[in-house]
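Student: This is start.cif, which holds mmCIF, C-alpha atoms and all ligand atoms:
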data_data
#
loop_
_atom_site.group_PDB
_atom_site.id
_atom_site.type_symbol
_atom_site.label_atom_id
_atom_site.label_comp_id
_atom_site.auth_asym_id
_atom_site.auth_seq_id
_atom_site.Cartn_x
_atom_site.Cartn_y
_atom_site.Cartn_z
ATOM 1 C CA MET A 1 106.532 95.163 88.792
ATOM 2 C CA LYS A 2 103.072 96.610 89.376
ATOM 3 C CA VAL A 3 100.827 94.398 91.484
ATOM 4 C CA LEU A 4 97.861 96.761 91.668
ATOM 5 C CA GLU A 5 97.018 99.538 89.202
ATOM 6 C CA ILE A 6 94.252 102.001 89.966
ATOM 7 C CA GLU A 7 93.614 104.025 86.839
ATOM 8 C CA GLN A 8 91.283 107.021 86.855
ATOM 9 C CA ILE A 9 88.672 105.346 89.010
ATOM 10 C CA THR A 10 85.425 107.173 89.617
ATOM 11 C CA LYS A 11 82.428 105.866 91.520
ATOM 12 C CA LYS A 12 79.265 107.839 92.081
ATOM 13 C CA ALA A 13 76.131 107.192 94.093
ATOM 14 C CA GLY A 14 73.488 109.297 92.401
ATOM 15 C CA ARG A 15 75.046 112.723 92.071
ATOM 16 C CA ARG A 16 77.470 112.157 94.879
ATOM 17 C CA THR A 17 81.071 111.266 93.987
ATOM 18 C CA LEU A 18 82.333 108.631 96.404
ATOM 19 C CA VAL A 19 85.665 108.174 94.590
ATOM 20 C CA GLY A 20 86.787 110.694 91.954
ATOM 21 C CA ASP A 21 89.398 110.196 89.245
ATOM 22 C CA MET A 22 91.756 108.240 91.480
ATOM 23 C CA SER A 23 95.008 106.778 90.160
ATOM 24 C CA PHE A 24 97.935 105.094 91.865
ATOM 25 C CA ASP A 25 100.042 101.933 91.622
ATOM 26 C CA ILE A 26 101.224 99.462 94.214
ATOM 27 C CA MET A 27 104.487 97.720 93.436
ATOM 28 C CA GLN A 28 105.541 94.187 94.285
ATOM 29 C CA GLY A 29 106.868 93.981 97.845
ATOM 30 C CA ASP A 30 105.165 97.156 99.085
ATOM 31 C CA VAL A 31 103.344 97.302 102.371
ATOM 32 C CA CYS A 32 101.133 100.240 101.511
ATOM 33 C CA GLY A 33 99.077 102.106 104.094
ATOM 34 C CA PHE A 34 95.770 103.495 102.825
ATOM 35 C CA VAL A 35 94.644 106.410 104.951
ATOM 36 C CA GLY A 36 91.948 109.036 104.949
ATOM 37 C CA PRO A 37 89.321 110.339 107.356
ATOM 38 C CA ASN A 38 86.002 108.568 107.974
ATOM 39 C CA GLY A 39 83.942 108.582 104.813
ATOM 40 C CA ALA A 40 86.927 109.371 102.531
ATOM 41 C CA GLY A 41 86.103 106.419 100.265
ATOM 42 C CA LYS A 42 88.637 103.808 101.395
ATOM 43 C CA THR A 43 86.178 100.943 101.768
ATOM 44 C CA THR A 44 84.434 101.951 98.535
ATOM 45 C CA LEU A 45 87.730 101.686 96.627
ATOM 46 C CA ILE A 46 88.640 98.414 98.330
ATOM 47 C CA ARG A 47 85.225 96.996 97.412
ATOM 48 C CA MET A 48 85.945 97.886 93.781
ATOM 49 C CA ILE A 49 89.419 96.304 93.898
ATOM 50 C CA THR A 50 87.979 93.093 95.322
ATOM 51 C CA GLY A 51 85.201 92.968 92.716
ATOM 52 C CA LEU A 52 82.337 93.503 95.182
ATOM 53 C CA ILE A 53 81.156 96.624 93.340
ATOM 54 C CA ARG A 54 81.909 97.987 89.874
ATOM 55 C CA PRO A 55 83.735 101.222 89.186
ATOM 56 C CA GLY A 56 81.706 103.816 87.297
ATOM 57 C CA GLU A 57 84.750 104.784 85.235
ATOM 58 C CA GLY A 58 88.385 103.725 85.047
ATOM 59 C CA LYS A 59 90.306 100.493 85.259
ATOM 60 C CA ILE A 60 91.678 98.352 88.047
ATOM 61 C CA ARG A 61 94.373 95.820 87.208
ATOM 62 C CA ILE A 62 95.800 93.197 89.508
ATOM 63 C CA GLU A 63 99.027 91.589 88.277
ATOM 64 C CA GLY A 64 98.112 93.032 84.902
ATOM 65 C CA PHE A 65 94.618 91.464 84.809
ATOM 66 C CA ASP A 66 91.642 93.795 84.463
ATOM 67 C CA VAL A 67 89.201 93.200 87.343
ATOM 68 C CA GLN A 68 86.189 93.780 85.059
ATOM 69 C CA ARG A 69 87.354 91.935 81.935
ATOM 70 C CA ASP A 70 89.487 89.175 83.468
ATOM 71 C CA ARG A 71 87.735 88.909 86.784
ATOM 72 C CA MET A 72 88.699 85.345 87.750
ATOM 73 C CA LYS A 73 92.374 85.806 86.907
ATOM 74 C CA ALA A 74 92.545 89.215 88.584
ATOM 75 C CA LEU A 75 90.763 88.190 91.767
ATOM 76 C CA GLY A 76 92.720 84.936 91.871
ATOM 77 C CA GLN A 77 95.796 87.007 92.749
ATOM 78 C CA VAL A 78 94.195 88.687 95.768
ATOM 79 C CA GLY A 79 93.341 87.651 99.273
ATOM 80 C CA ALA A 80 91.241 90.114 101.201
ATOM 81 C CA ILE A 81 89.529 90.736 104.468
ATOM 82 C CA VAL A 82 87.068 93.496 103.757
ATOM 83 C CA GLU A 83 84.383 93.165 106.340
ATOM 84 C CA SER A 84 85.294 91.138 109.455
ATOM 85 C CA PRO A 85 85.671 87.584 108.265
ATOM 86 C CA ILE A 86 82.632 85.489 109.039
ATOM 87 C CA PHE A 87 83.235 81.925 110.114
ATOM 88 C CA PHE A 88 80.849 79.324 111.452
ATOM 89 C CA PRO A 89 81.426 79.614 115.215
ATOM 90 C CA TYR A 90 80.477 76.028 116.039
ATOM 91 C CA MET A 91 82.920 74.615 113.511
ATOM 92 C CA SER A 92 86.667 74.409 114.056
ATOM 93 C CA GLY A 93 88.961 76.904 112.342
ATOM 94 C CA ARG A 94 90.351 74.054 110.268
ATOM 95 C CA ASP A 95 86.907 72.827 109.183
ATOM 96 C CA ASN A 96 85.910 76.380 108.252
ATOM 97 C CA LEU A 97 88.977 76.603 106.028
ATOM 98 C CA LEU A 98 88.352 73.129 104.578
ATOM 99 C CA ASN A 99 84.971 74.466 103.462
ATOM 100 C CA LEU A 100 86.395 77.678 102.043
ATOM 101 C CA VAL A 101 89.299 76.046 100.216
ATOM 102 C CA LYS A 102 86.710 74.380 97.932
ATOM 103 C CA LEU A 103 86.116 77.812 96.406
ATOM 104 C CA HIS A 104 89.607 77.705 94.880
ATOM 105 C CA PRO A 105 89.333 75.777 91.621
ATOM 106 C CA ASN A 106 93.114 75.667 91.199
ATOM 107 C CA ILE A 107 93.568 73.643 94.403
ATOM 108 C CA SER A 108 92.889 69.968 93.675
ATOM 109 C CA LYS A 109 90.874 67.821 96.103
ATOM 110 C CA GLU A 110 93.941 66.037 97.480
ATOM 111 C CA LYS A 111 95.779 69.308 98.046
ATOM 112 C CA ARG A 112 92.984 70.983 100.037
ATOM 113 C CA ALA A 113 93.786 69.596 103.509
ATOM 114 C CA PRO A 114 97.569 70.076 103.161
ATOM 115 C CA ARG A 115 97.011 73.670 102.010
ATOM 116 C CA VAL A 116 94.692 74.366 104.962
ATOM 117 C CA ASP A 117 97.260 72.952 107.390
ATOM 118 C CA GLU A 118 99.994 74.985 105.721
ATOM 119 C CA VAL A 119 98.136 78.306 106.064
ATOM 120 C CA LEU A 120 97.184 77.493 109.665
ATOM 121 C CA ARG A 121 100.884 76.967 110.339
ATOM 122 C CA ILE A 122 101.869 80.200 108.595
ATOM 123 C CA VAL A 123 99.501 82.267 110.774
ATOM 124 C CA GLY A 124 100.498 80.400 113.944
ATOM 125 C CA LEU A 125 97.170 78.644 114.526
ATOM 126 C CA GLU A 126 98.344 75.084 113.995
ATOM 127 C CA GLY A 127 97.816 74.255 117.668
ATOM 128 C CA ARG A 128 94.260 75.636 117.736
ATOM 129 C CA GLY A 129 93.000 74.610 114.302
ATOM 130 C CA LYS A 130 90.810 71.857 115.701
ATOM 131 C CA ASP A 131 89.103 74.111 118.278
ATOM 132 C CA LYS A 132 85.761 75.713 117.568
ATOM 133 C CA VAL A 133 85.986 79.260 116.249
ATOM 134 C CA LYS A 134 83.706 80.465 119.066
ATOM 135 C CA THR A 135 86.567 79.781 121.481
ATOM 136 C CA TYR A 136 88.960 82.033 119.522
ATOM 137 C CA SER A 137 89.997 85.507 120.615
ATOM 138 C CA LEU A 138 89.394 88.352 118.156
ATOM 139 C CA GLY A 139 93.115 88.285 117.318
ATOM 140 C CA MET A 140 92.888 84.585 116.494
ATOM 141 C CA LYS A 141 89.812 85.182 114.326
ATOM 142 C CA GLN A 142 91.728 87.876 112.498
ATOM 143 C CA ARG A 143 94.615 85.454 111.937
ATOM 144 C CA LEU A 144 92.143 82.843 110.720
ATOM 145 C CA GLY A 145 90.887 85.514 108.303
ATOM 146 C CA ILE A 146 94.416 85.995 107.039
ATOM 147 C CA ALA A 147 94.778 82.213 106.746
ATOM 148 C CA GLN A 148 91.653 82.245 104.571
ATOM 149 C CA ALA A 149 93.097 85.082 102.493
ATOM 150 C CA LEU A 150 96.280 83.023 102.014
ATOM 151 C CA LEU A 151 94.529 79.884 100.741
ATOM 152 C CA GLY A 152 94.822 80.766 97.051
ATOM 153 C CA ASP A 153 98.501 81.781 97.373
ATOM 154 C CA PRO A 154 97.828 85.455 96.597
ATOM 155 C CA LYS A 155 100.380 88.004 95.437
ATOM 156 C CA LEU A 156 98.428 90.787 97.136
ATOM 157 C CA ILE A 157 96.557 90.884 100.426
ATOM 158 C CA ILE A 158 94.110 93.676 101.139
ATOM 159 C CA LEU A 159 93.089 94.398 104.706
ATOM 160 C CA ASP A 160 90.389 96.939 105.570
ATOM 161 C CA GLU A 161 90.956 98.256 109.094
ATOM 162 C CA PRO A 162 92.370 94.954 110.321
ATOM 163 C CA ALA A 163 93.325 96.221 113.779
ATOM 164 C CA ASN A 164 89.750 97.229 114.670
ATOM 165 C CA GLY A 165 88.927 96.012 118.146
ATOM 166 C CA LEU A 166 92.255 94.257 118.695
ATOM 167 C CA ASP A 167 94.094 94.668 121.989
ATOM 168 C CA PRO A 168 97.789 95.686 121.980
ATOM 169 C CA MET A 169 98.898 92.044 121.938
ATOM 170 C CA GLY A 170 96.609 91.282 119.016
ATOM 171 C CA ILE A 171 97.866 94.347 117.156
ATOM 172 C CA ARG A 172 101.453 93.286 117.718
ATOM 173 C CA GLU A 173 100.732 89.756 116.463
ATOM 174 C CA LEU A 174 99.004 91.156 113.403
ATOM 175 C CA ARG A 175 101.928 93.498 112.719
ATOM 176 C CA ASN A 176 104.453 90.672 112.997
ATOM 177 C CA LEU A 177 102.353 88.448 110.773
ATOM 178 C CA ILE A 178 102.075 91.115 108.054
ATOM 179 C CA LEU A 179 105.829 91.763 108.179
ATOM 180 C CA GLU A 180 106.623 88.056 108.085
ATOM 181 C CA LEU A 181 104.301 87.424 105.142
ATOM 182 C CA ASN A 182 105.836 90.385 103.345
ATOM 183 C CA GLU A 183 109.452 89.533 104.051
ATOM 184 C CA LYS A 184 109.419 85.738 103.911
ATOM 185 C CA HIS A 185 106.627 85.097 101.424
ATOM 186 C CA GLY A 186 106.989 88.225 99.284
ATOM 187 C CA ILE A 187 103.315 89.156 99.684
ATOM 188 C CA THR A 188 102.378 92.739 98.862
ATOM 189 C CA PHE A 189 99.948 94.423 101.283
ATOM 190 C CA PHE A 190 97.409 97.206 100.942
ATOM 191 C CA VAL A 191 96.137 98.072 104.410
ATOM 192 C CA SER A 192 93.555 100.684 105.341
ATOM 193 C CA SER A 193 93.684 101.924 108.903
ATOM 194 C CA HIS A 194 93.235 104.977 111.084
ATOM 195 C CA LEU A 195 96.124 103.893 113.299
ATOM 196 C CA LEU A 196 98.921 105.982 111.805
ATOM 197 C CA ASP A 197 101.466 105.007 114.456
ATOM 198 C CA GLU A 198 100.802 101.395 113.677
ATOM 199 C CA LEU A 199 100.996 101.881 109.911
ATOM 200 C CA GLN A 200 104.238 103.787 110.366
ATOM 201 C CA ARG A 201 105.773 100.638 111.838
ATOM 202 C CA ILE A 202 104.938 98.418 108.890
ATOM 203 C CA CYS A 203 104.413 100.517 105.758
ATOM 204 C CA SER A 204 106.964 101.308 103.078
ATOM 205 C CA ARG A 205 104.439 103.479 101.189
ATOM 206 C CA PHE A 206 101.289 105.484 101.802
ATOM 207 C CA VAL A 207 98.290 106.478 99.757
ATOM 208 C CA ILE A 208 96.358 109.325 101.347
ATOM 209 C CA ILE A 209 92.835 110.249 100.276
ATOM 210 C CA LYS A 210 90.248 112.789 101.295
ATOM 211 C CA GLU A 211 86.662 113.141 100.111
ATOM 212 C CA GLY A 212 87.176 110.514 97.432
ATOM 213 C CA ARG A 213 90.291 112.184 95.962
ATOM 214 C CA LEU A 214 93.937 111.250 96.102
ATOM 215 C CA VAL A 215 95.773 113.791 98.246
ATOM 216 C CA TRP A 216 99.267 112.310 98.320
ATOM 217 C CA GLN A 217 101.165 109.104 97.635
ATOM 218 C CA GLY A 218 104.774 108.177 98.191
ATOM 219 C CA THR A 219 107.231 106.361 100.387
ATOM 220 C CA GLN A 220 107.275 106.625 104.151
ATOM 221 C CA GLU A 221 110.686 108.388 103.919
ATOM 222 C CA GLN A 222 109.217 110.988 101.564
ATOM 223 C CA TRP A 223 106.346 111.586 103.951
ATOM 224 C CA GLN A 224 108.729 111.861 106.907
ATOM 225 C CA GLN A 225 110.761 114.424 104.964
ATOM 226 C CA MET A 226 107.667 116.425 104.108
ATOM 227 C CA ALA A 227 106.470 116.317 107.701
ATOM 228 C CA GLY A 228 109.873 117.525 108.945
ATOM 229 C CA SER A 229 109.822 117.942 112.701
ATOM 230 C CA ARG A 230 106.081 117.247 112.895
ATOM 231 C CA SER A 231 104.739 113.770 113.577
ATOM 232 C CA LEU A 232 103.027 112.047 110.670
ATOM 233 C CA GLU A 233 99.804 112.349 112.643
ATOM 234 C CA ASP A 234 100.166 116.143 112.966
ATOM 235 C CA HIS A 235 101.055 116.431 109.311
ATOM 236 C CA PHE A 236 98.138 114.205 108.326
ATOM 237 C CA VAL A 237 95.697 116.349 110.319
ATOM 238 C CA GLU A 238 97.130 119.429 108.604
ATOM 239 C CA MET A 239 96.659 117.856 105.166
ATOM 240 C CA MET A 240 93.089 116.964 106.010
ATOM 241 C CA THR A 241 92.127 120.372 107.342
ATOM 242 C CA SER A 242 93.938 122.620 104.866
HETATM 243 N N1 LIG A 301 76.081 102.769 98.204
HETATM 244 C C1 LIG A 301 76.264 103.989 98.682
HETATM 245 N N2 LIG A 301 75.399 104.975 98.429
HETATM 246 C C2 LIG A 301 75.594 106.223 98.907
HETATM 247 N N3 LIG A 301 76.636 106.586 99.651
HETATM 248 C C3 LIG A 301 77.534 105.644 99.947
HETATM 249 C C4 LIG A 301 77.410 104.301 99.491
HETATM 250 N N4 LIG A 301 78.473 103.591 99.949
HETATM 251 C C5 LIG A 301 79.213 104.469 100.666
HETATM 252 N N5 LIG A 301 78.662 105.680 100.665
HETATM 253 C C6 LIG A 301 79.210 106.910 101.269
HETATM 254 O O1 LIG A 301 80.455 107.118 100.643
HETATM 255 C C7 LIG A 301 81.374 107.700 101.540
HETATM 256 C C8 LIG A 301 82.639 106.876 101.562
HETATM 257 O O2 LIG A 301 82.408 105.723 102.338
HETATM 258 P P1 LIG A 301 83.542 104.659 102.671
HETATM 259 O O3 LIG A 301 82.911 103.625 103.553
HETATM 260 O O4 LIG A 301 84.166 104.210 101.421
HETATM 261 O O5 LIG A 301 84.573 105.532 103.504
HETATM 262 P P2 LIG A 301 85.819 105.059 104.374
HETATM 263 O O6 LIG A 301 86.955 105.907 103.955
HETATM 264 O O7 LIG A 301 85.995 103.593 104.276
HETATM 265 O O8 LIG A 301 85.353 105.476 105.825
HETATM 266 P P3 LIG A 301 85.677 104.827 107.258
HETATM 267 O O9 LIG A 301 87.068 105.276 107.573
HETATM 268 O O10 LIG A 301 84.670 105.489 108.134
HETATM 269 O O11 LIG A 301 85.509 103.367 107.150
HETATM 270 C C9 LIG A 301 80.669 107.796 102.879
HETATM 271 O O12 LIG A 301 80.202 109.104 103.053
HETATM 272 C C10 LIG A 301 79.518 106.825 102.743
HETATM 273 O O13 LIG A 301 78.425 107.227 103.515
#
Using structure tokens, write down the structure from this file.

Tutor:
Amino acid sequence: MKVLEIEQITKKAGRRTLVGDMSFDIMQGDVCGFVGPNGAGKTTLIRMITGLIRPGEGKIRIEGFDVQRDRMKALGQVGAIVESPIFFPYMSGRDNLLNLVKLHPNISKEKRAPRVDEVLRIVGLEGRGKDKVKTYSLGMKQRLGIAQALLGDPKLIILDEPANGLDPMGIRELRNLILELNEKHGITFFVSSHLLDELQRICSRFVIIKEGRLVWQGTQEQWQQMAGSRSLEDHFVEMMTS
């Protein structure tokens, strides 16, 4: 079952091609790493998937719904943290989520607070939900961001460089949370990052891009086979410089 379909997507800025004729699918249950050097077009593609900008050409489908034609249904299946999540620092994590849950029309008024408490529990913030966000560590803010992404019960979660700025403990917590959400809740992930070692620990698949073009996609095992005795990092650098 395809959760995300990227079909011949092109996006230009003036004459410059930011993303060119890109196609790939993400299947249900994948944790897919999205890698490419700085400026490769990762954020641009993610912004198109999450409906923040329009593709110039091509189609994006989420759970079969076209993001342009069936926007509400398509985006209703996705939770995303694209730029660092912004919460009101002087409000508690729980109150921030109680505000944000109102944006989900499919969650009735009576179900809002229980849903907020449920997602706080899932991300391990139940004990800190009533504290102001300004007292949270970056790792906790990131988990609150994932809690926000979970509110609408998404099939797919998209994270754009989620480990940025996190310390090793925060990275480990994030890793465990992604794996738990994938394994226990069946959520498919599409995660952009420059931390190949980290992605290697969690990803079943990879999509590799360079200068707006797809370079390679496949399973981690296939990549390992291709890389042979080289590390994925060495092989990645080779792909990017050849
Ligand atoms: N609106 C725009 N107009 C012109 N150029 C843009 C625009 N948005 C992005 N770019 C350029 O498109 C290229 C791709 O940017 P993008 O942020 O998608 O890359 P990225 O792969 O996410 O990079 P990074 O790993 O550094 O986050 C960059 O060279 C960027 O400067």

Student: For Ala74 (chain A), which of A:Arg143, A:Lys130, A:Arg15, A:Arg61 is the closest residue, counting all atoms listed in the file?

Tutor: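 Smallest distance to Ala74 (chain A) is found for A:Arg61.
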
Student: Can I get the residues close to ligand LIG 301 (chain A) as JSON, numbers by chain, where close means within 10 Å and we count all atoms listed in the file?

Tutor: {"A": [11, 12, 13, 14, 15, 16, 17, 18, 19, 34, 35, 36, 37, 38, 39, 40, 41, 42, 43, 44, 45, 46, 47, 53, 160, 161, 192, 193, 194, 209, 210, 211, 212]}

Student: Go ahead and compute the interatomic distance for CA of Met169 (chain A) and CA of Leu138 (chain A), in Å to one decimal.

Tutor: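 Computed distance, CA of Met169 (chain A) to CA of Leu138 (chain A), equals 10.9 Å.
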
Student: On this structure, the PyMOL selection byres (((chain A and resi 115) around 12) and not hetatm) would catch which residues? List them as JSON, numbers by chain, sorted by chain and number.

Tutor: {"A": [94, 97, 98, 100, 101, 102, 104, 106, 107, 108, 109, 110, 111, 112, 113, 114, 116, 117, 118, 119, 120, 121, 122, 147, 148, 150, 151, 152, 153]}

Student: Which residues match the PyMOL selection byres (((chain A and resi 188) around 9) and not hetatm) in the file above, as number ranges by chain?

Tutor: A: 3, 26-32, 154-158, 181-182, 186-187, 189-190
